[in-house]
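Q: Before anything else, here's the structure in question.
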Amino acid sequence: MIEITMPRLSDTMQEGSITSWQVAPGDQVSPGDVLAEIETDKAVMDFEAYDSGRIAELLAEPGTAVAIGQPIALLDDGTDRPVAKRAEDRDDGPHDGPRPTKALVEGAVTDRSAAVPQPQMAASPLVRRMARDHGLDLGRIVGSGPGGRIIRVDVERALAERAGVSGGPGGEGPADARQSRRVPVSQLRRVLARRLTQAAQEIPVFTVTMAVRLDALTSLRAQMNQQLAASGQGKVSLNDLIVKAAALASREYPAVNASWAGDHILLHERVNVGIAVATERGLVVPVIKDANSKTPAQIGAESRSLAGLAASGELALEQMSGGTFTVSNLGMYGVEEFRAIINPPEASILAVGAARPELAMEGGEVSVREMMRLTLSCDHRLIDGALGAQFLSAVRRSLENPWSLIL
Amino acid sequence: MTEPAAVRDAAGQVTMTYREALRTTLGEELRRDPNVFLIGEEIGLFEGSYKITQGLLKEFGPRRVRDTPIAEEGFTGAAVGAAMLGLRPVVELMTINFSLLALDQIVNHAAKIYGMFGGQVSVPMVIRTPGGGGQQLGATHSQNVELYYAFVPGLKVVAPATPAAARGLLLAAIRDDDPVLFLENLSLYNSKGEVDLAALPMEIGRAQVVRPGRHLTVIAYSRMVTVALEAARHLAASEGADLEVVDLRSLRPLDRDTFVDSVRRTHAAVVLEDDWLTYGVGAEIAATIGEGAFDYLDAPVRRVAMAEVPMPYSKPLETAALPQMADVVRAIRETLDATGFSYSRSVSHD
């Protein structure tokens, strides 16, 4: 019997959850067969079998987070030993407990403690001592170590929460009048939470907002879409044109297309624009590479395909990395304007509001125009106010004189 | 064999190889004390299988630098007798593998005479011998059997990892009144480092924190210290992990306090050894941590060791059998994972 454990599928992965099992108990599998889809902090990936055998049991419930190295299934390979981990370590992640890195099959340590669910709450010795010293009830702490072991970071978190305001986010004692219930957090949301918290805490942000007149853009877009429809191609959205305008402005002001790196600034040669996409799982940001050198129609086709992959959770890691700038659009919800949080290590993000008719004064006359508000959030460590304003003006200039977007 | 001459810098530190540190120290001690003499196979005319004794026959003559027949038990026993009568023999065993032929002389005589004769006579001898694999010398010539000697009360076992430690511990071993097994390593002979030629002998039985750190303690001796330091540098650069490295330097007596104190501060440990895992040095270290730092551990102690096979001759198999950097880095990462260590990555763009 072989114990299949949660693999390490990315460098930053600490746990994963099974999105769906592709095999059922009793199925015969060979090396290379897809066993499951696993959601990591970055993406959903296929997990393949390393060994041949018959699936004896599935141990991990879909949707539940499992730490790297924890058993997720048992594979019957014909050997009669109860549960023996594979003798040789492979690049499929760590195993619980002290184990030899190399050992012969006969000498292999079978770490039964990790294989059998422990009735007793696991906590490291350090944690037990800390709990004694601080009078903490370990039964109320959720462990994040291997096998759910309570480790130092969990106790430190609990102590910090206890020290914070009473009835903090973790409070759910019997006296809790809110009748809360726990909802498991997906890997994606966990990473999102960590990164955005980091961004909000670390980056000194300022924002600049401008109103953009859309009449010319709207009529150009109508003409483009007529042409595209006639040749059987997909339409161009307002957002595609904004992506293009932002990419061109990044070329004009390369200092915006950059990252703060502690003691230096990285100026990025390529302009890769991320598009914030809301999915059922949470926010994802697929990236349109070299957006400055693509036509709005190309950007449109690519963003439709990326959004489709995002909706089904099939975006590859590569399609979500390498961004140098992000466009986030809530206009479709009627939001007039908003300030977005920068997606690190990028230096700015453009928040797009709704296009709507507004009354305006023109030559002493009141007229109605189609207007939209753009808000640029900038990392002040490398972008000063004037630069942010110039960049946003350049975006507005392109959108108000839209031929520049297709030349 | 020619080697670049040692270079002395302004601070009196000299950069030299591990081999040069051994040779100059042997010369110094032969010059300092007329009771010191060298004995072993091919150490005179041939100047040593690994050229540790180069030039010494010429300077000190055949009474002080004695070539022997291929008879380990015989010449080790002769050295035990000489030591009992007041001389300070430094035996060279061509490799630690051949020490098995002299096992009875070392374990039953050198180690026991002081105790069995009620302290009336001591055995101030040194057995210098290199261990280590990785040179494609096959199963019988690639072992690390220092453990056999570290097991025996009455013997001292030291294992320097650097040229400075090679000098400091060899001085201490020669001047020590007990039999000392002095473990060298084939893959360290050409390694370079700074040596202070004015430094005093090192204390036998004292480990050294060779790199201070906060997140995890790596414990090693001999060659694996260099691997530990390389892994620490790598993980500091790539993950922001700050590792502490403890060089044991001496396997008997074992300085338990230094690594237990370290683990009490870092709450996690990985032990490295070039030898087999089962019943090994790592087992002793892990048990000591369990006794001395149990309430401070946030993750199980992890051991990295060689595969439990006789060393293969084939180069790829030999490499696979020996603990490599990648094995060490993986074990450290997994232990860091188990403590919930949050890896920080430098901001960069891909």
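Letters A, B, ... mark the chains of the structure tokens in the order given; residue numbers begin at 1 per chain; ligand numbers begin at 1, in order shown.
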Within 9 Å of range 51-64 of chain B, counting only C-alpha atoms, which residues show up once you throw out same-chain ones fewer than 4 positions away? Write them as an mmCIF file with C-alpha atoms, in the first residue's frame, please.
A:
data_model
loop_
_atom_site.group_PDB
_atom_site.id
_atom_site.type_symbol
_atom_site.label_atom_id
_atom_site.label_comp_id
_atom_site.auth_asym_id
_atom_site.auth_seq_id
_atom_site.Cartn_x
_atom_site.Cartn_y
_atom_site.Cartn_z
ATOM 1 C CA MET B 1 52.366 17.562 -6.317
ATOM 2 C CA ARG B 19 46.299 19.899 3.339
ATOM 3 C CA GLU B 20 48.850 22.692 3.876
ATOM 4 C CA LEU B 22 47.970 19.766 8.300
ATOM 5 C CA ARG B 23 51.480 19.643 6.847
ATOM 6 C CA LEU B 26 52.906 18.507 11.707
ATOM 7 C CA GLY B 27 56.198 20.253 10.899
ATOM 8 C CA LEU B 30 57.954 17.873 15.116
ATOM 9 C CA ARG B 31 60.156 20.939 15.549
ATOM 10 C CA PRO B 34 61.418 15.896 20.022
ATOM 11 C CA ASN B 35 59.061 13.226 21.356
ATOM 12 C CA VAL B 36 56.668 13.698 18.439
ATOM 13 C CA PHE B 37 57.171 11.304 15.516
ATOM 14 C CA LEU B 38 55.139 10.229 12.510
ATOM 15 C CA ILE B 39 54.508 6.632 11.523
ATOM 16 C CA ILE B 43 54.478 8.756 4.558
ATOM 17 C CA GLY B 44 58.224 9.100 4.104
ATOM 18 C CA LEU B 45 59.742 8.489 0.683
ATOM 19 C CA PHE B 46 56.382 8.757 -1.078
ATOM 20 C CA GLU B 47 55.470 11.764 1.104
ATOM 21 C CA TYR B 189 42.083 18.437 1.399
#
Q: Check every residue of chain B for an atom within 9 Å of chain A, counting only C-alpha atoms, and provide those that qualify as a VMD selection string.
A: chain B and resid 267 276 to 278 294 to 309 321 to 323 327 to 328 330 to 331 333 to 335 337 to 343 346 to 350
Q: Hey, can you spit out that residue selection with N, CA and C atoms as a tab-separated table (two decimals), in the first residue's frame?
A:
chain	number	residue	atom	x	y	z
B	267	HIS	N	14.23	26.70	17.69
B	267	HIS	CA	13.06	25.83	17.79
B	267	HIS	C	12.97	24.76	16.71
B	276	TRP	N	25.84	6.53	7.24
B	276	TRP	CA	24.51	5.94	7.23
B	276	TRP	C	23.67	6.51	8.37
B	277	LEU	N	22.38	6.49	8.17
B	277	LEU	CA	21.46	7.11	9.11
B	277	LEU	C	21.25	6.30	10.39
B	278	THR	N	21.04	4.99	10.19
B	278	THR	CA	20.60	4.17	11.32
B	278	THR	C	21.68	4.04	12.38
B	294	PHE	N	13.45	19.65	24.43
B	294	PHE	CA	12.13	19.14	24.04
B	294	PHE	C	11.08	20.23	24.06
B	295	ASP	N	11.04	20.99	25.15
B	295	ASP	CA	9.99	22.00	25.31
B	295	ASP	C	10.20	23.21	24.42
B	296	TYR	N	11.24	23.18	23.61
B	296	TYR	CA	11.52	24.32	22.74
B	296	TYR	C	11.32	23.96	21.27
B	297	LEU	N	11.00	22.70	20.98
B	297	LEU	CA	10.91	22.25	19.60
B	297	LEU	C	9.55	22.59	19.00
B	298	ASP	N	9.58	23.17	17.81
B	298	ASP	CA	8.33	23.47	17.11
B	298	ASP	C	8.13	22.52	15.94
B	299	ALA	N	9.09	21.67	15.69
B	299	ALA	CA	8.99	20.69	14.60
B	299	ALA	C	9.90	19.51	14.95
B	300	PRO	N	9.61	18.34	14.40
B	300	PRO	CA	10.50	17.20	14.67
B	300	PRO	C	11.91	17.47	14.15
B	301	VAL	N	12.90	16.92	14.85
B	301	VAL	CA	14.27	17.02	14.37
B	301	VAL	C	14.41	16.14	13.14
B	302	ARG	N	15.05	16.66	12.13
B	302	ARG	CA	15.18	15.93	10.88
B	302	ARG	C	16.64	15.56	10.66
B	303	ARG	N	16.87	14.36	10.13
B	303	ARG	CA	18.25	13.92	9.83
B	303	ARG	C	18.43	13.74	8.33
B	304	VAL	N	19.57	14.15	7.83
B	304	VAL	CA	19.92	13.88	6.44
B	304	VAL	C	21.19	13.04	6.47
B	305	ALA	N	21.18	11.91	5.78
B	305	ALA	CA	22.34	11.02	5.81
B	305	ALA	C	22.47	10.32	4.47
B	306	MET	N	23.46	9.45	4.41
B	306	MET	CA	23.71	8.70	3.19
B	306	MET	C	22.67	7.57	3.04
B	307	ALA	N	22.48	7.13	1.80
B	307	ALA	CA	21.61	5.98	1.56
B	307	ALA	C	22.20	4.75	2.24
B	308	GLU	N	21.32	3.87	2.72
B	308	GLU	CA	21.80	2.71	3.49
B	308	GLU	C	22.20	1.58	2.55
B	309	VAL	N	23.27	1.82	1.82
B	309	VAL	CA	23.82	0.83	0.90
B	309	VAL	C	25.34	0.86	1.02
B	321	ALA	N	23.83	8.25	-3.77
B	321	ALA	CA	23.86	7.67	-2.42
B	321	ALA	C	24.30	8.70	-1.37
B	322	LEU	N	25.17	9.63	-1.77
B	322	LEU	CA	25.69	10.61	-0.81
B	322	LEU	C	24.68	11.74	-0.61
B	323	PRO	N	24.60	12.27	0.59
B	323	PRO	CA	23.70	13.42	0.79
B	323	PRO	C	24.23	14.63	0.04
B	327	ASP	N	19.42	17.59	-1.27
B	327	ASP	CA	18.78	16.82	-0.18
B	327	ASP	C	18.73	17.68	1.09
B	328	VAL	N	19.83	18.37	1.33
B	328	VAL	CA	19.92	19.18	2.55
B	328	VAL	C	18.93	20.33	2.47
B	330	ARG	N	16.25	20.52	0.73
B	330	ARG	CA	14.87	20.03	0.81
B	330	ARG	C	14.48	19.74	2.26
B	331	ALA	N	15.37	19.07	2.99
B	331	ALA	CA	15.05	18.74	4.39
B	331	ALA	C	14.87	20.02	5.22
B	333	ARG	N	13.95	23.01	4.02
B	333	ARG	CA	12.70	23.65	3.59
B	333	ARG	C	11.50	22.97	4.24
B	334	GLU	N	11.53	21.64	4.25
B	334	GLU	CA	10.39	20.91	4.80
B	334	GLU	C	10.25	21.17	6.30
B	335	THR	N	11.38	21.29	6.97
B	335	THR	CA	11.31	21.58	8.41
B	335	THR	C	10.83	23.01	8.63
B	337	ASP	N	8.86	24.56	6.60
B	337	ASP	CA	7.41	24.45	6.30
B	337	ASP	C	6.66	24.01	7.56
B	338	ALA	N	7.23	23.03	8.25
B	338	ALA	CA	6.54	22.45	9.41
B	338	ALA	C	6.43	23.46	10.55
B	339	THR	N	7.27	24.51	10.52
B	339	THR	CA	7.16	25.53	11.56
B	339	THR	C	6.35	26.72	11.09
B	340	GLY	N	5.76	26.60	9.89
B	340	GLY	CA	4.94	27.69	9.37
B	340	GLY	C	5.76	28.90	8.97
B	341	PHE	N	7.04	28.66	8.67
B	341	PHE	CA	7.91	29.77	8.28
B	341	PHE	C	7.35	30.46	7.04
B	342	SER	N	7.24	31.80	7.10
B	342	SER	CA	6.73	32.49	5.91
B	342	SER	C	7.91	32.98	5.09
B	343	TYR	N	8.01	32.39	3.94
B	343	TYR	CA	9.13	32.70	3.05
B	343	TYR	C	8.96	34.11	2.51
B	346	SER	N	12.44	38.33	-2.46
B	346	SER	CA	12.80	39.68	-2.84
B	346	SER	C	11.89	40.08	-3.99
B	347	VAL	N	11.55	41.35	-4.03
B	347	VAL	CA	10.66	41.83	-5.09
B	347	VAL	C	11.42	41.77	-6.41
B	348	SER	N	10.90	40.99	-7.30
B	348	SER	CA	11.56	40.95	-8.60
B	348	SER	C	10.48	40.71	-9.62
B	349	HIS	N	10.82	40.86	-10.83
B	349	HIS	CA	9.80	40.73	-11.85
B	349	HIS	C	10.16	39.64	-12.82
B	350	ASP	N	9.20	38.78	-13.13
B	350	ASP	CA	9.55	37.70	-14.05
B	350	ASP	C	8.96	37.94	-15.43
Q: Could you pull the residues within 6 Å of range 287-304 of chain A, counting only C-alpha atoms, minus those fewer than 6 positions along the same chain, as a list in words?
A: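 My list of contacting residues is Val236, Asp240, Leu241, Ala247, Leu248, Arg270, Val271, Asn272, Val273, Gly274, Gln319, Met320 and Gly323 of chain A.
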Q: How would the residues just chosen look if you wrote them out with C-alpha atoms as a compact mmCIF listing (two decimals), in the first residue's frame?
A:
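Just written: result_23.txt:
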# COMPACT_ATOMS: atom_id res chain seq x y z
CA VAL A 236 -14.09 45.36 -28.87
CA ASP A 240 -10.16 46.72 -24.23
CA LEU A 241 -9.69 50.29 -25.44
CA ALA A 247 -0.41 50.52 -22.35
CA LEU A 248 0.39 53.41 -24.69
CA ARG A 270 7.58 45.04 -21.64
CA VAL A 271 4.14 46.46 -20.95
CA ASN A 272 1.98 43.61 -19.63
CA VAL A 273 -1.45 44.73 -18.52
CA GLY A 274 -3.38 42.66 -15.98
CA GLN A 319 -1.08 33.55 -17.79
CA MET A 320 -1.30 35.26 -14.41
CA GLY A 323 2.04 41.88 -15.08
Q: Name the closest residue to Val191 in chain A among the candidates A:Leu283, A:Ala49, A:Val208, A:Leu306; distances are taken between atoms, counting only C-alpha atoms.
A: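 Looking only at the distances to Val191 in chain A, the closest residue turns out to be A:Leu283.
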Q: Can you pull out every residue from range 97-320 of chain B that DSSP, working from the backbone, puts in alpha helix (DSSP H), and format the result as a ChimeraX atom specification?
A: /B:103,113-116,146-150,163-175,223-239,256-266,281-292,315-320
Q: May I have the residues from that selection written out with C-alpha atoms, as a PDB file, in the first residue's frame?
A:
ATOM      1  CA  LEU B 103      40.550  -2.022  15.497  1.00  0.00           C
ATOM      2  CA  ILE B 113      45.091   1.219  28.937  1.00  0.00           C
ATOM      3  CA  TYR B 114      44.728   4.408  30.989  1.00  0.00           C
ATOM      4  CA  GLY B 115      41.647   3.072  32.771  1.00  0.00           C
ATOM      5  CA  MET B 116      42.774  -0.537  33.110  1.00  0.00           C
ATOM      6  CA  GLU B 146      34.450   7.424  12.738  1.00  0.00           C
ATOM      7  CA  LEU B 147      31.272   6.475  14.532  1.00  0.00           C
ATOM      8  CA  TYR B 148      32.917   3.199  15.639  1.00  0.00           C
ATOM      9  CA  TYR B 149      35.506   5.240  17.541  1.00  0.00           C
ATOM     10  CA  ALA B 150      33.173   7.979  18.750  1.00  0.00           C
ATOM     11  CA  PRO B 163      41.990  24.610   7.484  1.00  0.00           C
ATOM     12  CA  ALA B 164      41.918  26.688  10.683  1.00  0.00           C
ATOM     13  CA  ALA B 165      40.195  23.886  12.591  1.00  0.00           C
ATOM     14  CA  ALA B 166      42.576  21.346  11.038  1.00  0.00           C
ATOM     15  CA  ARG B 167      45.497  23.275  12.529  1.00  0.00           C
ATOM     16  CA  GLY B 168      43.881  24.105  15.857  1.00  0.00           C
ATOM     17  CA  LEU B 169      42.603  20.580  16.493  1.00  0.00           C
ATOM     18  CA  LEU B 170      45.807  18.855  15.307  1.00  0.00           C
ATOM     19  CA  LEU B 171      47.843  20.962  17.761  1.00  0.00           C
ATOM     20  CA  ALA B 172      45.391  20.012  20.498  1.00  0.00           C
ATOM     21  CA  ALA B 173      45.374  16.325  19.526  1.00  0.00           C
ATOM     22  CA  ILE B 174      49.163  15.993  19.522  1.00  0.00           C
ATOM     23  CA  ARG B 175      49.448  17.729  22.911  1.00  0.00           C
ATOM     24  CA  ARG B 223      32.548  17.896   5.041  1.00  0.00           C
ATOM     25  CA  MET B 224      28.858  18.415   5.829  1.00  0.00           C
ATOM     26  CA  VAL B 225      29.673  21.727   7.547  1.00  0.00           C
ATOM     27  CA  THR B 226      30.640  23.149   4.171  1.00  0.00           C
ATOM     28  CA  VAL B 227      27.407  21.807   2.682  1.00  0.00           C
ATOM     29  CA  ALA B 228      25.431  23.320   5.579  1.00  0.00           C
ATOM     30  CA  LEU B 229      27.014  26.736   5.072  1.00  0.00           C
ATOM     31  CA  GLU B 230      26.347  26.618   1.351  1.00  0.00           C
ATOM     32  CA  ALA B 231      22.707  25.649   1.975  1.00  0.00           C
ATOM     33  CA  ALA B 232      22.408  28.485   4.504  1.00  0.00           C
ATOM     34  CA  ARG B 233      23.733  31.009   2.027  1.00  0.00           C
ATOM     35  CA  HIS B 234      21.395  29.684  -0.663  1.00  0.00           C
ATOM     36  CA  LEU B 235      18.287  29.763   1.529  1.00  0.00           C
ATOM     37  CA  ALA B 236      19.142  33.211   2.900  1.00  0.00           C
ATOM     38  CA  ALA B 237      19.329  34.576  -0.625  1.00  0.00           C
ATOM     39  CA  SER B 238      16.331  32.785  -2.077  1.00  0.00           C
ATOM     40  CA  GLU B 239      13.883  32.547   0.840  1.00  0.00           C
ATOM     41  CA  ARG B 256      25.943  18.933  23.755  1.00  0.00           C
ATOM     42  CA  ASP B 257      25.370  22.375  25.288  1.00  0.00           C
ATOM     43  CA  THR B 258      26.234  24.371  22.189  1.00  0.00           C
ATOM     44  CA  PHE B 259      23.706  22.741  19.880  1.00  0.00           C
ATOM     45  CA  VAL B 260      21.029  22.340  22.554  1.00  0.00           C
ATOM     46  CA  ASP B 261      21.310  26.068  23.347  1.00  0.00           C
ATOM     47  CA  SER B 262      21.062  26.825  19.651  1.00  0.00           C
ATOM     48  CA  VAL B 263      17.919  24.722  19.180  1.00  0.00           C
ATOM     49  CA  ARG B 264      16.350  26.368  22.226  1.00  0.00           C
ATOM     50  CA  ARG B 265      16.685  29.638  20.348  1.00  0.00           C
ATOM     51  CA  THR B 266      15.651  28.496  16.856  1.00  0.00           C
ATOM     52  CA  VAL B 281      25.759  10.498  14.837  1.00  0.00           C
ATOM     53  CA  GLY B 282      22.499  12.196  13.861  1.00  0.00           C
ATOM     54  CA  ALA B 283      20.572   9.789  16.059  1.00  0.00           C
ATOM     55  CA  GLU B 284      22.723  10.761  19.041  1.00  0.00           C
ATOM     56  CA  ILE B 285      22.288  14.469  18.300  1.00  0.00           C
ATOM     57  CA  ALA B 286      18.517  14.133  17.810  1.00  0.00           C
ATOM     58  CA  ALA B 287      18.171  12.223  21.076  1.00  0.00           C
ATOM     59  CA  THR B 288      20.213  14.872  22.895  1.00  0.00           C
ATOM     60  CA  ILE B 289      17.964  17.605  21.484  1.00  0.00           C
ATOM     61  CA  GLY B 290      14.975  15.584  22.653  1.00  0.00           C
ATOM     62  CA  GLU B 291      16.420  15.535  26.153  1.00  0.00           C
ATOM     63  CA  GLY B 292      17.740  19.066  26.294  1.00  0.00           C
ATOM     64  CA  LYS B 315      29.578   7.762 -10.373  1.00  0.00           C
ATOM     65  CA  PRO B 316      25.843   8.522 -10.752  1.00  0.00           C
ATOM     66  CA  LEU B 317      24.964   5.932  -8.126  1.00  0.00           C
ATOM     67  CA  GLU B 318      27.650   7.202  -5.775  1.00  0.00           C
ATOM     68  CA  THR B 319      26.348  10.742  -6.167  1.00  0.00           C
ATOM     69  CA  ALA B 320      22.809   9.542  -5.549  1.00  0.00           C
TER      70      ALA B 320
END
Q: So, counting only C-alpha atoms, which residue among A:Ile275, A:Val142, A:Val352, A:Met372 is closest to Phe338 in chain A?
A: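 For Phe338 in chain A, the nearest of the given residues is A:Val352.
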